[in-house]
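Chemist: Here you go, this is protein-v3.txt (compact mmCIF, C-alpha atoms).
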```txt
# COMPACT_ATOMS: atom_id res chain seq x y z
CA GLN W 284 52.16 74.15 -154.41
CA VAL W 285 48.61 74.71 -153.27
CA GLN W 286 47.41 72.72 -150.29
CA LEU W 287 44.05 72.61 -148.57
CA VAL W 288 44.17 70.67 -145.34
CA GLU W 289 40.96 69.87 -143.50
CA SER W 290 40.85 69.27 -139.79
CA GLU W 291 39.95 65.89 -138.48
CA GLY W 292 36.26 65.11 -138.56
CA GLY W 293 34.80 62.64 -136.15
CA LEU W 294 31.91 60.70 -134.75
CA VAL W 295 29.13 62.69 -133.11
CA GLN W 296 25.67 61.85 -131.88
CA ALA W 297 22.61 63.24 -133.58
CA GLY W 298 21.89 66.72 -132.32
CA GLY W 299 25.53 67.37 -131.60
CA SER W 300 27.96 69.86 -133.09
CA LEU W 301 31.25 69.77 -134.89
CA ARG W 302 33.48 72.43 -136.41
CA LEU W 303 35.62 71.72 -139.42
CA SER W 304 38.47 73.91 -140.52
CA CYS W 305 40.47 74.03 -143.72
CA ALA W 306 43.88 75.64 -143.81
CA ALA W 307 45.07 76.86 -147.20
CA SER W 308 48.62 77.46 -148.36
CA GLY W 309 50.33 78.25 -151.63
CA LEU W 310 47.64 80.60 -152.88
CA THR W 311 46.42 84.14 -152.28
CA PHE W 312 43.66 83.02 -149.98
CA SER W 313 41.80 86.32 -149.90
CA SER W 314 41.31 86.14 -153.68
CA TYR W 315 39.45 82.85 -153.59
CA THR W 316 35.91 81.77 -153.06
CA MET W 317 35.92 78.91 -150.56
CA GLY W 318 33.43 76.10 -150.53
CA TRP W 319 32.51 72.98 -148.60
CA PHE W 320 31.18 69.88 -150.31
CA ARG W 321 30.33 66.43 -149.01
CA GLN W 322 30.01 62.96 -150.41
CA ALA W 323 28.11 60.12 -148.81
CA PRO W 324 28.74 56.50 -149.79
CA GLY W 325 27.16 55.71 -153.13
CA LYS W 326 26.17 59.32 -153.76
CA GLU W 327 27.52 62.17 -155.82
CA ARG W 328 29.50 64.99 -154.32
CA GLU W 329 27.09 67.56 -152.94
CA PHE W 330 27.50 71.29 -152.37
CA VAL W 331 27.17 72.35 -148.74
CA ALA W 332 28.23 76.00 -148.46
CA ALA W 333 30.33 78.69 -150.08
CA ILE W 334 31.70 82.07 -149.06
CA ASN W 335 33.34 84.70 -151.19
CA TRP W 336 36.52 86.54 -150.34
CA SER W 337 34.82 89.58 -148.84
CA VAL W 338 32.25 87.58 -146.86
CA ASP W 339 29.29 89.36 -148.43
CA ASN W 340 28.11 86.43 -150.53
CA ILE W 341 27.35 83.25 -148.64
CA HIS W 342 25.28 80.33 -149.86
CA TYR W 343 24.05 77.10 -148.33
CA LEU W 344 22.44 73.84 -149.30
CA ASP W 345 18.81 74.18 -148.28
CA SER W 346 18.95 71.22 -145.92
CA VAL W 347 21.75 72.75 -143.84
CA LYS W 348 20.46 76.32 -143.63
CA GLY W 349 20.05 77.37 -140.03
CA ARG W 350 22.24 74.50 -138.83
CA PHE W 351 25.58 75.06 -140.58
CA THR W 352 27.63 78.25 -140.74
CA ILE W 353 30.53 78.88 -143.07
CA SER W 354 33.09 81.53 -142.15
CA ARG W 355 36.62 82.49 -143.04
CA ASP W 356 39.61 84.21 -141.53
CA ASN W 357 41.68 85.72 -144.32
CA ALA W 358 44.49 86.56 -141.91
CA LYS W 359 44.82 82.87 -141.03
CA ASN W 360 44.12 81.52 -144.53
CA THR W 361 41.43 79.34 -143.02
CA VAL W 362 37.80 78.57 -143.75
CA TYR W 363 35.48 77.00 -141.20
CA LEU W 364 32.26 75.03 -141.21
CA GLN W 365 30.36 75.06 -137.94
CA MET W 366 27.83 72.25 -137.94
CA ASN W 367 25.09 72.22 -135.33
CA SER W 368 22.04 70.02 -134.82
CA LEU W 369 23.72 67.29 -136.80
CA LYS W 370 21.61 64.54 -138.30
CA PRO W 371 22.54 61.04 -139.46
CA LYS W 372 21.94 62.17 -143.05
CA ASP W 373 24.85 64.62 -142.62
CA THR W 374 27.21 61.64 -142.50
CA ALA W 375 29.70 62.01 -145.34
CA VAL W 376 33.25 62.85 -146.27
CA TYR W 377 33.53 66.62 -146.22
CA TYR W 378 35.81 68.47 -148.62
CA CYS W 379 36.89 72.07 -148.76
CA ALA W 380 37.60 73.69 -152.10
CA ALA W 381 38.98 76.93 -153.49
CA GLY W 382 38.11 78.70 -156.71
CA ARG W 383 38.69 82.07 -158.29
CA PHE W 384 35.22 83.08 -159.36
CA PRO W 385 32.53 85.48 -158.15
CA VAL W 386 29.81 83.74 -156.20
CA TYR W 387 26.77 85.89 -156.82
CA VAL W 388 24.31 83.01 -157.04
CA ARG W 389 24.17 79.62 -155.36
CA THR W 390 23.86 77.68 -158.59
CA ILE W 391 27.33 78.85 -159.58
CA ALA W 392 28.84 78.26 -156.15
CA ALA W 393 27.42 74.75 -156.15
CA GLU W 394 29.24 73.62 -159.30
CA PRO W 395 32.33 71.55 -158.40
CA ARG W 396 33.95 72.45 -161.73
CA ARG W 397 34.23 76.08 -160.58
CA TYR W 398 36.78 75.10 -157.96
CA ASP W 399 40.46 74.74 -158.77
CA TYR W 400 41.77 73.11 -155.62
CA TRP W 401 40.42 70.50 -153.23
CA GLY W 402 41.32 69.16 -149.84
CA GLN W 403 41.76 65.48 -149.10
CA GLY W 404 38.46 65.17 -147.28
CA THR W 405 37.54 64.39 -143.71
CA GLN W 406 34.99 61.88 -142.43
CA VAL W 407 32.03 63.08 -140.41
CA THR W 408 29.79 60.39 -138.96
CA VAL W 409 26.58 61.20 -137.13
CA SER W 410 25.05 58.39 -135.11
CA SER W 411 21.37 58.13 -134.33
```
Output the file's structure in the form of C-alpha cells.
Modeler:
Amino acid sequence: QVQLVESEGGLVQAGGSLRLSCAASGLTFSSYTMGWFRQAPGKEREFVAAINWSVDNIHYLDSVKGRFTISRDNAKNTVYLQMNSLKPKDTAVYYCAAGRFPVYVRTIAAEPRRYDYWGQGTQVTVSS
C-alpha cells in the first residue's frame, strides 16, 4: 500500500520560512517524479514544484521561483519543500504527489493527472 505522509504545516508570519516534508512508503521512491501542489479555498489545485528521480529536472511555479526549493533524499524516501519569504497568497493546503513519468518540461510536471499517488495535505497559513 502506497502512502505519502506530509509533515505538519503551520501558521507563519509573512516573510517567514517553513519546510514541509513528505515521507513515501510502499513504492520504489527513486523511480518516481515527486511534486508539490497547493489548493487555496475556492480555487483549483495548483502546481508548485516538481523534481525527477535523478534531481536533474526541477520545475517551479513562476510565483515561487527564488523563494521555494524542492529537494529529495532517495535514501530516506522523502521529498522536501523549503519555503522562504512566505506571503499571505501562499496560504493553502499543500499536497505532495508521486508519479512515474519523465519531467522534461514544466507543463507536464504541472498536470495533476500525471501523478498516481497523493498525500493527505497539510495546511500552511501565512499571516500578514
Chemist: Taking only C-alpha atoms into account, name the residue in W:Phe351, W:Tyr315, W:Tyr387, W:Trp336 that is nearest to Leu303 (chain W).
Modeler: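 Closest to Leu303 (chain W) of all the choices is W:Phe351.
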Chemist: Skip Arg302 (chain W) itself and residues of its chain fewer than 3 positions away, then list as a PyMOL selection string all residues within 12 Å of it, counting all atoms listed in the file.
Modeler: chain W and resi 289-295+299+305+350-354+362-369+377+405+407
Chemist: For region 325-327 of chain W, please output as a ChimeraX atom specification all residues within 12 Å (counting only C-alpha atoms; exclusion window: fewer than 5 positions along the same chain).
Modeler: /W:320,372,374-376,395
Chemist: May I have the centre and edge lengths, in Å to one decimal, of an axis-aligned box around the listed atoms of region 398-401 of chain W with 4 Å added to every side, as AutoDock Vina command-line options?
Modeler:
```
--center_x 39.3 --center_y 72.8 --center_z -156.0 --size_x 13.0 --size_y 12.6 --size_z 13.5
```
Chemist: From the set W:Gln322, W:Gln286, W:Ser300, W:Thr316, which residue has the shortest atom-to-atom contact distance to Ala392 (chain W), counting all atoms listed in the file?
Modeler: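 Using all atoms listed in the file, the shortest distance to Ala392 (chain W) belongs to W:Thr316.
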Chemist: Which of these, W:Lys348, W:His342, W:Arg321, W:Lys359, has the shortest distance to Ala380 (chain W) once you count only C-alpha atoms?
Modeler: W:Arg321
Chemist: What gap, in Å, lies between CA of Ser308 (chain W) and CA of Gly382 (chain W)?
Modeler: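 These two atoms are separated by 13.5 Å.
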Chemist: Grab the CA of Thr311 (chain W) to CA of Glu329 (chain W) distance for me, in Å with one decimal place.
Modeler: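 Straight-line distance from CA of Thr311 (chain W) to CA of Glu329 (chain W) works out to 25.5 Å.
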Chemist: Could you state the separation of CA of Thr390 (chain W) and CA of Ser337 (chain W) in Å, given to one decimal place?
Modeler: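 If I compute the distance from CA of Thr390 (chain W) to CA of Ser337 (chain W), I get 18.9 Å.
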Chemist: Restricting the calculation to only C-alpha atoms, which member of W:Ala358, W:Ile334, W:Ala323, W:Val409 is positioned closest to Pro385 (chain W)?
Modeler: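 The shortest atom-to-atom distance to Pro385 (chain W) comes from W:Ile334.
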